[in-house]
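Shown next: target22.csv, containing CSV, C-alpha atoms and all ligand atoms.
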chain,number,residue,atom,x,y,z
A,1,MET,CA,120.4,142.5,61.0
A,2,ARG,CA,124.1,143.5,60.8
A,3,CYS,CA,124.9,146.5,58.7
A,4,PHE,CA,127.9,147.0,56.5
A,5,THR,CA,129.6,149.4,58.9
A,6,ASP,CA,129.3,146.9,61.7
A,7,LEU,CA,131.0,144.3,59.6
A,8,LYS,CA,133.8,146.7,58.7
A,9,LEU,CA,134.2,147.7,62.2
A,10,HIS,CA,134.3,144.1,63.3
A,11,LYS,CA,136.9,143.3,60.7
A,12,MET,CA,139.1,146.3,61.7
A,13,ASN,CA,138.9,145.4,65.4
A,14,PHE,CA,139.7,141.8,64.6
A,15,LYS,CA,142.8,142.8,62.6
A,16,ASP,CA,143.9,145.1,65.3
A,17,MET,CA,143.8,142.3,67.8
A,18,LEU,CA,147.0,140.9,66.3
A,19,LYS,CA,149.7,143.2,65.1
A,20,ASP,CA,152.0,142.0,62.4
A,21,ASN,CA,154.9,141.6,64.8
A,22,GLU,CA,152.8,139.4,67.1
A,23,THR,CA,152.5,136.4,64.8
A,24,VAL,CA,153.7,133.0,66.1
A,25,PHE,CA,154.9,132.1,62.6
A,26,LYS,CA,158.3,132.9,61.3
A,27,ASP,CA,157.9,131.0,58.0
A,28,PRO,CA,154.7,128.9,57.8
A,29,VAL,CA,155.9,127.6,54.4
A,30,ALA,CA,158.3,125.3,56.4
A,31,LEU,CA,155.2,123.4,57.4
A,32,ASP,CA,153.9,122.8,53.9
A,33,TYR,CA,153.8,119.2,52.7
A,34,ASP,CA,155.9,119.8,49.7
A,35,TYR,CA,158.5,122.0,51.4
A,36,ILE,CA,162.0,120.4,51.0
A,37,PRO,CA,163.9,121.0,54.2
A,38,LYS,CA,167.7,121.5,54.1
A,39,VAL,CA,168.4,118.3,56.0
A,40,VAL,CA,166.3,115.1,56.0
A,41,PRO,CA,167.2,113.4,59.3
A,42,TYR,CA,166.9,109.6,59.9
A,43,ARG,CA,166.9,108.7,56.2
A,44,GLU,CA,170.7,108.8,55.8
A,45,ALA,CA,171.0,105.1,55.0
A,46,GLU,CA,168.2,105.2,52.4
A,47,GLU,CA,169.7,108.3,50.9
A,48,ARG,CA,173.1,106.7,50.6
A,49,GLU,CA,171.6,103.7,48.6
A,50,ILE,CA,169.8,106.1,46.3
A,51,ILE,CA,173.0,108.1,45.7
A,52,LEU,CA,175.0,104.9,45.1
A,53,SER,CA,172.4,103.9,42.4
A,54,ILE,CA,172.9,107.1,40.6
A,55,LYS,CA,176.7,107.4,41.0
A,56,PRO,CA,177.6,105.2,37.9
A,57,LEU,CA,175.8,107.8,35.7
A,58,LEU,CA,178.4,110.4,36.7
A,59,GLN,CA,181.1,108.0,35.4
A,60,ARG,CA,179.1,107.5,32.1
A,61,ARG,CA,178.1,104.0,33.1
A,62,ASN,CA,174.6,102.6,33.5
A,63,GLY,CA,173.0,103.2,36.9
A,64,LYS,CA,171.1,100.8,39.2
A,65,ASN,CA,167.4,100.6,39.7
A,66,ILE,CA,165.6,101.0,43.0
A,67,PHE,CA,162.2,100.0,44.3
A,68,ILE,CA,161.0,101.9,47.4
A,69,TYR,CA,158.0,100.9,49.4
A,70,GLY,CA,156.4,102.0,52.7
A,71,LYS,CA,153.4,103.5,54.4
A,72,PRO,CA,152.2,107.0,53.6
A,73,GLY,CA,153.9,110.1,55.1
A,74,ILE,CA,157.3,108.7,56.0
A,75,GLY,CA,159.7,110.5,53.7
A,76,LYS,CA,159.8,108.4,50.5
A,77,THR,CA,159.0,111.3,48.2
A,78,LEU,CA,161.0,113.8,50.2
A,79,ILE,CA,164.2,111.9,50.2
A,80,CYS,CA,164.1,111.3,46.4
A,81,LYS,CA,163.3,115.0,45.7
A,82,SER,CA,166.1,116.0,48.1
A,83,VAL,CA,168.6,113.7,46.2
A,84,ILE,CA,167.5,115.1,42.9
A,85,LYS,CA,168.0,118.7,44.2
A,86,GLU,CA,171.5,117.8,45.3
A,87,LEU,CA,172.2,116.1,41.9
A,88,GLU,CA,171.1,119.2,40.1
A,89,GLU,CA,173.4,121.3,42.1
A,90,THR,CA,176.3,119.0,41.3
A,91,THR,CA,176.1,118.3,37.6
A,92,ASP,CA,174.3,119.1,34.3
A,93,GLU,CA,175.4,115.7,32.9
A,94,VAL,CA,172.5,113.7,34.4
A,95,ILE,CA,168.9,114.8,33.7
A,96,PRO,CA,166.5,114.1,36.6
A,97,PHE,CA,162.8,113.5,36.0
A,98,TYR,CA,160.3,113.3,38.7
A,99,ILE,CA,156.9,111.9,37.7
A,100,ASN,CA,153.9,111.6,39.9
A,101,CYS,CA,152.0,108.6,38.4
A,102,TRP,CA,148.9,109.6,40.2
A,103,LYS,CA,148.7,112.6,38.0
A,104,LYS,CA,150.4,111.1,35.0
A,105,ASN,CA,149.0,107.6,34.8
A,106,SER,CA,149.3,106.8,31.1
A,107,THR,CA,152.3,106.4,28.7
A,108,TYR,CA,151.1,109.4,26.7
A,109,LYS,CA,150.9,111.7,29.7
A,110,ILE,CA,154.3,110.6,30.9
A,111,ALA,CA,155.8,111.0,27.4
A,112,MET,CA,154.3,114.6,27.4
A,113,GLN,CA,155.9,115.4,30.7
A,114,LEU,CA,159.3,114.1,29.7
A,115,ALA,CA,159.2,116.1,26.5
A,116,GLU,CA,158.0,119.2,28.3
A,117,ASP,CA,160.7,118.8,31.0
A,118,LEU,CA,163.3,118.6,28.2
A,119,ASN,CA,161.8,121.8,26.6
A,120,LEU,CA,161.2,120.0,23.3
A,121,PRO,CA,159.2,122.1,20.8
A,122,PHE,CA,155.7,121.5,19.5
A,123,VAL,CA,154.9,118.7,21.9
A,124,GLN,CA,151.2,119.3,21.9
A,125,THR,CA,150.8,118.2,18.3
A,126,LYS,CA,152.7,114.9,18.6
A,127,LYS,CA,151.6,111.3,19.2
A,128,THR,CA,153.0,109.1,21.9
A,129,ASP,CA,155.5,107.3,19.7
A,130,GLU,CA,156.8,110.5,18.1
A,131,LEU,CA,157.2,112.0,21.6
A,132,LEU,CA,159.1,109.0,22.9
A,133,ASP,CA,161.4,109.0,19.9
A,134,LEU,CA,162.3,112.6,20.4
A,135,VAL,CA,162.7,112.1,24.2
A,136,LYS,CA,165.0,109.0,23.6
A,137,ARG,CA,167.3,110.9,21.2
A,138,GLU,CA,167.6,113.8,23.6
A,139,ILE,CA,168.2,111.8,26.8
A,140,ASN,CA,170.7,109.4,25.1
A,141,LYS,CA,173.0,112.3,24.5
A,142,SER,CA,173.7,112.1,28.3
A,143,SER,CA,172.0,110.1,31.0
A,144,ALA,CA,168.9,110.3,33.2
A,145,VAL,CA,167.4,109.5,36.6
A,146,PHE,CA,163.7,108.7,36.5
A,147,ILE,CA,161.6,108.8,39.6
A,148,PHE,CA,158.2,107.2,39.2
A,149,ASP,CA,156.3,108.1,42.3
A,150,GLU,CA,152.8,106.8,43.4
A,151,ALA,CA,153.5,103.8,41.1
A,152,ASP,CA,150.4,102.0,42.5
A,153,LYS,CA,148.4,104.4,40.2
A,154,ILE,CA,150.0,103.4,37.0
A,155,GLU,CA,147.5,102.2,34.4
A,156,ASP,CA,149.8,101.2,31.6
A,157,TYR,CA,153.4,100.1,31.7
A,158,SER,CA,154.6,100.6,28.2
A,159,PHE,CA,156.6,103.7,29.2
A,160,LEU,CA,158.5,101.6,31.7
A,161,TYR,CA,159.4,99.1,29.0
A,162,PHE,CA,160.4,102.0,26.8
A,163,VAL,CA,162.8,103.5,29.4
A,164,LEU,CA,164.3,100.0,30.1
A,165,GLU,CA,164.9,99.2,26.5
A,166,GLU,CA,165.6,102.5,24.8
A,167,ILE,CA,167.5,104.7,27.3
A,168,TYR,CA,171.1,103.6,27.5
A,169,ARG,CA,172.3,105.1,30.8
A,170,LYS,CA,169.7,105.5,33.5
A,171,THR,CA,168.6,104.9,37.1
A,172,ILE,CA,165.0,104.1,37.6
A,173,ILE,CA,163.5,104.7,41.0
A,174,ILE,CA,160.0,103.5,41.7
A,175,ILE,CA,158.0,104.5,44.8
A,176,SER,CA,155.0,102.5,46.0
A,177,ASN,CA,153.0,102.1,49.2
A,178,THR,CA,153.0,98.3,49.0
A,179,ARG,CA,155.6,95.6,48.3
A,180,GLU,CA,153.0,93.7,46.2
A,181,TRP,CA,153.4,96.2,43.4
A,182,LEU,CA,156.6,94.6,42.4
A,183,VAL,CA,155.2,91.1,42.6
A,184,THR,CA,152.4,91.9,40.2
A,185,LEU,CA,154.7,93.4,37.6
A,186,ASP,CA,154.8,91.8,34.2
A,187,ASP,CA,157.7,89.3,34.0
A,188,ARG,CA,159.1,91.0,30.9
A,189,ILE,CA,159.5,94.3,32.8
A,190,ARG,CA,160.5,92.8,36.2
A,191,SER,CA,163.4,90.8,34.7
A,192,ARG,CA,164.7,94.0,33.0
A,193,LEU,CA,164.2,96.2,36.0
A,194,LEU,CA,165.8,94.0,38.6
A,195,PRO,CA,165.7,96.6,41.3
A,196,GLN,CA,167.3,96.8,44.7
A,197,THR,CA,164.4,97.0,47.2
A,198,ILE,CA,164.4,99.5,50.0
A,199,GLU,CA,161.7,99.3,52.7
A,200,PHE,CA,160.9,102.6,54.4
A,201,LYS,CA,159.9,101.9,58.0
A,202,PRO,CA,157.7,104.3,60.1
A,203,TYR,CA,159.7,106.6,62.3
A,204,THR,CA,160.3,105.9,66.0
A,205,LYS,CA,158.9,108.4,68.5
A,206,LYS,CA,162.4,109.9,69.0
A,207,GLU,CA,162.7,110.4,65.3
A,208,VAL,CA,159.2,112.0,64.9
A,209,GLU,CA,160.3,114.4,67.7
A,210,GLY,CA,163.6,115.2,65.9
A,211,ILE,CA,161.9,115.8,62.6
A,212,LEU,CA,159.2,118.1,63.9
A,213,LYS,CA,161.7,120.0,66.0
A,214,GLU,CA,163.8,120.7,62.9
A,215,ARG,CA,160.8,122.0,61.0
A,216,ILE,CA,159.7,124.1,64.0
A,217,LYS,CA,163.0,126.0,64.0
A,218,TYR,CA,162.1,127.5,60.6
A,219,ALA,CA,158.3,127.7,61.0
A,220,PHE,CA,157.8,129.4,64.3
A,221,VAL,CA,159.2,132.4,66.2
A,222,GLU,CA,161.6,131.1,68.8
A,223,GLY,CA,159.9,130.1,72.0
A,224,ALA,CA,156.3,130.4,70.5
A,225,LEU,CA,155.5,126.7,70.8
A,226,THR,CA,155.2,125.5,74.4
A,227,GLU,CA,156.7,122.2,75.4
A,228,GLU,CA,153.3,120.8,76.4
A,229,ALA,CA,151.8,121.6,73.0
A,230,PHE,CA,154.8,120.1,71.2
A,231,ASP,CA,154.8,116.9,73.2
A,232,LEU,CA,151.1,116.4,72.5
A,233,ILE,CA,151.6,116.9,68.8
A,234,VAL,CA,154.6,114.5,68.8
A,235,ASP,CA,152.4,111.8,70.5
A,236,LYS,CA,149.6,112.1,68.0
A,237,THR,CA,152.0,112.1,65.0
A,238,TYR,CA,153.7,109.0,66.3
A,239,GLU,CA,150.4,107.3,66.8
A,240,ALA,CA,149.3,108.2,63.2
A,241,GLU,CA,152.7,107.0,61.8
A,242,ASP,CA,152.5,109.9,59.4
A,243,ILE,CA,154.6,113.1,59.5
A,244,ARG,CA,151.9,114.9,57.5
A,245,VAL,CA,149.6,114.7,60.6
A,246,GLY,CA,152.3,116.5,62.6
A,247,LEU,CA,152.7,119.2,60.1
A,248,PHE,CA,149.0,119.7,59.9
A,249,LEU,CA,148.7,119.9,63.7
A,250,LEU,CA,151.5,122.3,64.1
A,251,LYS,CA,150.1,124.7,61.5
A,252,GLU,CA,146.5,124.5,63.0
A,253,ALA,CA,147.8,124.9,66.5
A,254,GLY,CA,149.7,128.1,65.4
A,255,ASN,CA,146.5,129.4,63.7
A,256,ASN,CA,144.5,128.7,66.9
A,257,ALA,CA,147.0,130.6,69.0
A,258,GLU,CA,146.7,133.5,66.6
A,259,LEU,CA,142.9,133.5,66.8
A,260,ARG,CA,143.3,133.9,70.6
A,261,ALA,CA,145.8,136.7,69.9
A,262,SER,CA,148.3,134.8,71.8
A,263,LYS,CA,152.0,134.9,71.2
A,264,LYS,CA,152.4,131.4,72.6
A,265,ILE,CA,151.0,128.1,71.2
A,266,GLU,CA,149.7,126.4,74.3
A,267,LYS,CA,148.4,122.9,74.9
A,268,GLU,CA,144.8,124.0,74.4
A,269,ASP,CA,145.7,125.1,70.8
A,270,ALA,CA,147.2,121.7,70.1
A,271,VAL,CA,144.1,120.0,71.6
A,272,LYS,CA,141.9,122.1,69.4
A,273,ALA,CA,143.9,121.3,66.3
A,274,ILE,CA,143.6,117.6,67.1
A,275,ARG,CA,139.8,118.0,67.4
A,276,GLN,CA,139.8,119.8,64.0
A,277,LEU,CA,141.5,116.8,62.4
A,278,ASN,CA,139.0,114.6,64.1
A,279,THR,CA,135.7,116.5,63.8
A,280,PHE,CA,136.4,117.2,60.1
A,281,SER,CA,136.0,113.5,59.4
A,282,ILE,CA,133.4,112.7,62.1
A,283,LYS,CA,131.2,115.5,60.9
A,284,SER,CA,131.3,114.4,57.3
A,285,SER,CA,130.9,110.8,58.2
A,286,GLU,CA,127.6,111.7,59.9
A,287,SER,CA,126.4,113.0,56.5
A,288,LEU,CA,126.9,109.5,55.0
A,289,ASP,CA,124.0,107.2,54.5
A,290,ASP,CA,123.7,104.2,56.8
A,291,GLU,CA,124.9,101.7,54.1
A,292,THR,CA,128.0,103.7,53.2
A,293,ARG,CA,128.8,104.1,56.9
A,294,ARG,CA,128.6,100.4,57.3
A,295,ILE,CA,130.9,99.9,54.4
A,296,LEU,CA,133.3,102.4,55.8
A,297,LYS,CA,133.4,100.6,59.1
A,298,ILE,CA,134.3,97.3,57.4
A,299,CYS,CA,137.1,99.1,55.4
A,300,LYS,CA,138.4,100.6,58.6
A,301,GLU,CA,138.5,97.3,60.5
A,302,ASN,CA,140.1,95.5,57.5
A,303,SER,CA,142.3,98.2,56.2
A,304,GLY,CA,144.8,97.1,53.5
A,305,LYS,CA,142.6,94.3,52.1
A,306,LYS,CA,141.6,93.9,48.5
A,307,ILE,CA,138.2,95.2,47.4
A,308,GLY,CA,136.9,91.7,46.5
A,309,GLU,CA,137.8,90.4,50.0
A,310,LEU,CA,136.0,93.4,51.6
A,311,TYR,CA,132.9,92.7,49.5
A,312,LYS,CA,132.9,89.1,50.8
A,313,ILE,CA,133.1,90.3,54.4
A,314,TYR,CA,130.3,92.8,53.7
A,315,THR,CA,127.9,90.1,52.2
A,316,SER,CA,128.8,87.7,55.0
A,317,GLU,CA,127.7,90.3,57.5
A,318,GLY,CA,124.4,90.6,55.7
A,319,GLY,CA,125.1,93.4,53.2
A,320,THR,CA,122.8,93.2,50.2
A,321,ALA,CA,124.2,95.7,47.7
A,322,VAL,CA,125.5,94.2,44.5
A,323,TYR,CA,129.2,94.4,43.8
A,324,LYS,CA,128.9,97.4,41.4
A,325,THR,CA,127.1,99.5,44.0
A,326,PHE,CA,129.7,98.4,46.6
A,327,GLN,CA,132.5,99.6,44.3
A,328,ARG,CA,130.7,102.9,43.7
A,329,LYS,CA,130.3,103.5,47.4
A,330,ILE,CA,134.0,102.7,48.0
A,331,SER,CA,134.9,105.2,45.3
A,332,LYS,CA,132.7,107.8,46.9
A,333,LEU,CA,134.4,107.2,50.2
A,334,GLU,CA,137.8,107.7,48.5
A,335,LYS,CA,136.6,111.1,47.1
A,336,ALA,CA,135.5,112.2,50.5
A,337,GLY,CA,138.9,111.4,51.9
A,338,PHE,CA,138.0,108.5,54.1
A,339,LEU,CA,139.8,105.8,52.1
A,340,LYS,CA,142.9,105.6,50.0
A,341,LEU,CA,142.7,103.2,47.1
A,342,LYS,CA,145.7,101.7,45.4
A,343,LYS,CA,145.3,99.9,42.1
A,344,LEU,CA,147.4,96.8,41.5
A,345,ILE,CA,147.6,95.9,37.9
A,346,GLY,CA,148.4,92.5,36.4
A,347,GLY,CA,149.2,89.5,38.7
A,348,SER,CA,147.5,86.2,39.0
A,349,GLU,CA,144.0,87.7,39.7
A,350,GLY,CA,144.2,90.5,37.2
A,351,THR,CA,143.7,94.1,38.2
A,352,THR,CA,142.5,94.6,41.8
A,353,THR,CA,142.2,97.5,44.3
A,354,ILE,CA,143.7,97.7,47.8
A,355,VAL,CA,141.5,99.7,50.2
A,356,ASN,CA,143.2,101.5,53.0
A,357,TYR,CA,141.5,103.5,55.7
A,358,ALA,CA,142.9,107.0,55.5
A,359,TYR,CA,143.6,107.5,59.2
A,360,LYS,CA,144.5,104.6,61.3
A,361,ASP,CA,142.3,105.4,64.2
A,362,LEU,CA,140.8,108.9,64.2
A,363,ASN,CA,139.1,108.4,67.6
A,364,SER,CA,142.5,107.9,69.3
A,365,PHE,CA,143.4,111.4,68.4
A,366,VAL,CA,141.2,112.8,71.1
A,367,ASN,CA,141.7,111.3,74.5
B,401,LIG,N1,162.9,112.8,57.8
B,401,LIG,C1,162.1,113.8,57.5
B,401,LIG,N2,162.5,115.1,57.8
B,401,LIG,C2,161.7,116.2,57.5
B,401,LIG,N3,160.5,116.1,57.0
B,401,LIG,C3,160.0,114.8,56.7
B,401,LIG,C4,160.8,113.7,57.0
B,401,LIG,N4,160.1,112.6,56.6
B,401,LIG,C5,158.9,113.0,56.1
B,401,LIG,N5,158.9,114.4,56.2
B,401,LIG,C6,157.7,115.2,55.8
B,401,LIG,O1,156.6,114.5,55.9
B,401,LIG,C7,155.7,114.7,54.8
B,401,LIG,C8,155.4,113.4,54.2
B,401,LIG,O2,156.6,112.9,53.6
B,401,LIG,P1,156.6,112.3,52.1
B,401,LIG,O3,155.8,113.2,51.2
B,401,LIG,O4,158.0,112.0,51.7
B,401,LIG,O5,155.7,111.0,52.3
B,401,LIG,P2,155.7,109.6,51.5
B,401,LIG,O6,156.5,108.6,52.2
B,401,LIG,O7,156.1,109.9,50.1
B,401,LIG,O8,154.1,109.3,51.6
B,401,LIG,P3,153.1,108.8,50.5
B,401,LIG,O9,153.2,107.4,50.3
B,401,LIG,O10,151.7,109.2,51.1
B,401,LIG,O11,153.4,109.6,49.2
B,401,LIG,C9,156.4,115.7,53.9
B,401,LIG,O12,155.9,117.0,54.1
B,401,LIG,C10,157.8,115.6,54.3
B,401,LIG,O13,158.5,116.8,54.1
B,402,MG,MG,155.0,110.3,48.4

Transcribe the structure of this file into C-alpha cells.
Amino acid sequence: MRCFTDLKLHKMNFKDMLKDNETVFKDPVALDYDYIPKVVPYREAEEREIILSIKPLLQRRNGKNIFIYGKPGIGKTLICKSVIKELEETTDEVIPFYINCWKKNSTYKIAMQLAEDLNLPFVQTKKTDELLDLVKREINKSSAVFIFDEADKIEDYSFLYFVLEEIYRKTIIIISNTREWLVTLDDRIRSRLLPQTIEFKPYTKKEVEGILKERIKYAFVEGALTEEAFDLIVDKTYEAEDIRVGLFLLKEAGNNAELRASKKIEKEDAVKAIRQLNTFSIKSSESLDDETRRILKICKENSGKKIGELYKIYTSEGGTAVYKTFQRKISKLEKAGFLKLKKLIGGSEGTTTIVNYAYKDLNSFVN
C-alpha cells in the first residue's frame, strides 16, 4: 500500500517535471468555446448583413429582422456576439439582448432575463405580464437588438409576439440549426417577423486552417505546436465540420505534451487527443444496453430525421419497444451526449423532435 509520504513525494516530483516557464500554453482561454476572438475570419459577408439590419436603429428607425440557420460549431453564435460587442463599444442608444433559448425556454424566463439585463428593481416578485410591461416601457425609450439563440428549444412563442407588437424600434435575430424552424412558425408571428434568411455554410478546409491558426497565435507559446500536429488537427476538424472539435483537440494535444514534459506539441499528442475524443464515446457506448445501442445505431445512420420516422425504421427492423420506451431511450442518449435533439413546435404535424447524431462519424477520427 502507498503511504502518504509516497504520494506527496510523487506529487512534488511530478510538479518538478514541468517548470512554470516550460508550459506550451500562452493563454489557454483562447481555446475556450465562449472566447470571443478579436477577429472572426470568413464570416465578413454574414457580419455585414447583421450590421446592416441593426443600422437603422442608430438613425432612430426600425431595424430589420434576421433568421440565421446552419450546422453546429460554425460561428453563428460567435458572429452575433461579436457584433453586439462592437455595438456596445459604439453606442449606448441601442440596448442589446442575447438570450439562449435552451436555458430560457419560456416567456416568463425570457421576461425575467430582459428585466434583469435592464437592472429593473424587484423582478423576482413580478408576474410575466407585469415584467413585460416594465420591460416595454424601458426599451421603448430607445431601441433594442434581440438575439434569440438556440431557437429550436423555444417552448412558447408569446414573448416573440410581444417583442414584435410592443417594441417600436428593434432588430430581432433568430438562430437555429435547421431551416425548418421558420417553416413551422405560427403564421401570425411569421408574417410580422418577415426575416431575411442567412444560411451559414460549413467552413472549407482552408478556412478551418485559417481559423485555428488565428486562435493558436494567442493560445500557445510561439513554435510550440508542430506542423504535423496542426495538420492532423485541421484534417479532423474539417471532417467533423465543427470548429469546437478543433478547439478541443488543440487543448488536449497541449495537455498531452505537458504530461510528457515536452515543450513541443508533436503529432503523437494530437493522435492521443483524437483518441480521447473517440474513446470517451466508445467507452460509454459499451456501457449501454443492447437495445439502446441498437437505437443509437439507427439514429447515427439516419441523423437529422424526426423521432417518429426513426421509430418506424426501428420497428421495421424488428424493434419491439413501445414508442414511449423508445422516446425515453432517445432522451437518455441525449443526456449521455450521443445525440442532439431539436424540438420543432407547431407545423402541420404538431410538435416533433429532430434527432441528430452528435458526431458525424466518430470512427473516422482514428485512422
Ligand atoms: N470564424 C471563426 N473564427 C474564430 N473562431 C470561430 C469561428 N467560427 C467558429 N469559431 C469558434 O468555434 C466555436 C463554435 O462556434 P459557435 O459557438 O459560433 O457555433 P454555432 O454555429 O453557434 O453552433 P451551435 O449551432 O452548436 O450553437 C466557438 O468556440 C467559436 O469561437
Ligand atoms: Mg450557437

Residues within 7 Å of ligand MG 402 (chain B) should be enumerated using only C-alpha atoms and all ligand atoms and returned as a ChimeraX atom specification. /A:72-73,76-77,149-150

Take the residues from that selection and write them out as a PDB file, in the frame of the given file, keeping C-alpha atoms.
ATOM      1  CA  PRO A  72     152.200 107.000  53.600  1.00  0.00           C
ATOM      2  CA  GLY A  73     153.900 110.100  55.100  1.00  0.00           C
ATOM      3  CA  LYS A  76     159.800 108.400  50.500  1.00  0.00           C
ATOM      4  CA  THR A  77     159.000 111.300  48.200  1.00  0.00           C
ATOM      5  CA  ASP A 149     156.300 108.100  42.300  1.00  0.00           C
ATOM      6  CA  GLU A 150     152.800 106.800  43.400  1.00  0.00           C
TER       7      GLU A 150
END

Please give the centre and size of the box around ligand LIG 401 (chain B) (axis-aligned, containing every atom listed in the file, 5 Å added per side), with values in Å to one decimal and written as AutoDock Vina command-line options.
--center_x 157.3 --center_y 112.2 --center_z 53.5 --size_x 21.2 --size_y 19.6 --size_z 18.6

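The shell of residues at most 12 Å from Lys217 in chain A, with only C-alpha atoms counted and near chain neighbours (fewer than 4 positions) removed, consists of Val24, Phe25, Lys26, Asp27, Pro28, Ala30, Leu31, Pro37, Lys38, Gly210, Ile211, Leu212, Lys213, Val221, Glu222, Gly223, Ala224 and Leu225 of chain A.
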
Neighbouring residues of ligand LIG 401 (chain B) are defined here as those with any atom at most 6 Å from a ligand atom, counting only C-alpha atoms and all ligand atoms; list them as number ranges by chain. A: 33-36, 40-43, 71-78, 177, 211, 243-244

Do you have, as JSON lines, the list of residues of range 100-158 of chain A lying at most 9 Å from range 328-351 of chain A, each with its nearest atom pair and that distance in Å to one decimal, counting only C-alpha atoms and ordered by chain then number?
{"residue": "A:Glu150", "atom": "CA", "partner": "A:Lys342", "partner_atom": "CA", "distance": 9.0}
{"residue": "A:Asp152", "atom": "CA", "partner": "A:Lys343", "partner_atom": "CA", "distance": 5.5}
{"residue": "A:Lys153", "atom": "CA", "partner": "A:Lys343", "partner_atom": "CA", "distance": 5.8}
{"residue": "A:Ile154", "atom": "CA", "partner": "A:Lys343", "partner_atom": "CA", "distance": 7.8}
{"residue": "A:Glu155", "atom": "CA", "partner": "A:Ile345", "partner_atom": "CA", "distance": 7.2}
{"residue": "A:Asp156", "atom": "CA", "partner": "A:Ile345", "partner_atom": "CA", "distance": 8.5}

Pick from A:Val123, A:Ile167, A:Ala144, A:Leu58, whichever lies nearest to Tyr108 in chain A using only C-alpha atoms: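 Residue with the minimum atom-to-atom distance to Tyr108 in chain A: A:Val123.
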
List the spatial neighbours of range 295-301 of chain A as an MDAnalysis selection string - criterion: any atom at most 10 Å away, all atoms listed in the file, same-chain residues fewer than 2 positions off excluded. chainID A and resid 285 288 290:293 303:307 310:311 313:314 317 319 326 329:330 333 338:339 355:361

List the neighbours of range 250-257 of chain A out to 7 Å using only C-alpha atoms; skip same-chain residues closer than 3 positions along the sequence, and give me the result as a list in words. Val24, Leu31, Gly246, Leu247, Arg260, Ala261, Ser262, Lys263, Lys264, Ile265, Asp269, Ala270 and Ala273 of chain A

Output of the above residues as a compact mmCIF listing (two decimals), in the frame of the given file, restricted to C-alpha atoms:
# COMPACT_ATOMS: atom_id res chain seq x y z
CA VAL A 24 153.70 133.00 66.10
CA LEU A 31 155.20 123.40 57.40
CA GLY A 246 152.30 116.50 62.60
CA LEU A 247 152.70 119.20 60.10
CA ARG A 260 143.30 133.90 70.60
CA ALA A 261 145.80 136.70 69.90
CA SER A 262 148.30 134.80 71.80
CA LYS A 263 152.00 134.90 71.20
CA LYS A 264 152.40 131.40 72.60
CA ILE A 265 151.00 128.10 71.20
CA ASP A 269 145.70 125.10 70.80
CA ALA A 270 147.20 121.70 70.10
CA ALA A 273 143.90 121.30 66.30

Report, in Å to a single decimal, how far apart CA of Leu132 in chain A and CA of Ala111 in chain A are.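 One can read the CA of Ala111 in chain A to CA of Leu132 in chain A distance as 5.9 Å.
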
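Between Ser191 in chain A and the candidates A:Asn65, A:Gln59, A:Ile99, A:Glu207, the tightest atom-to-atom separation, counting only C-alpha atoms, involves A:Asn65.
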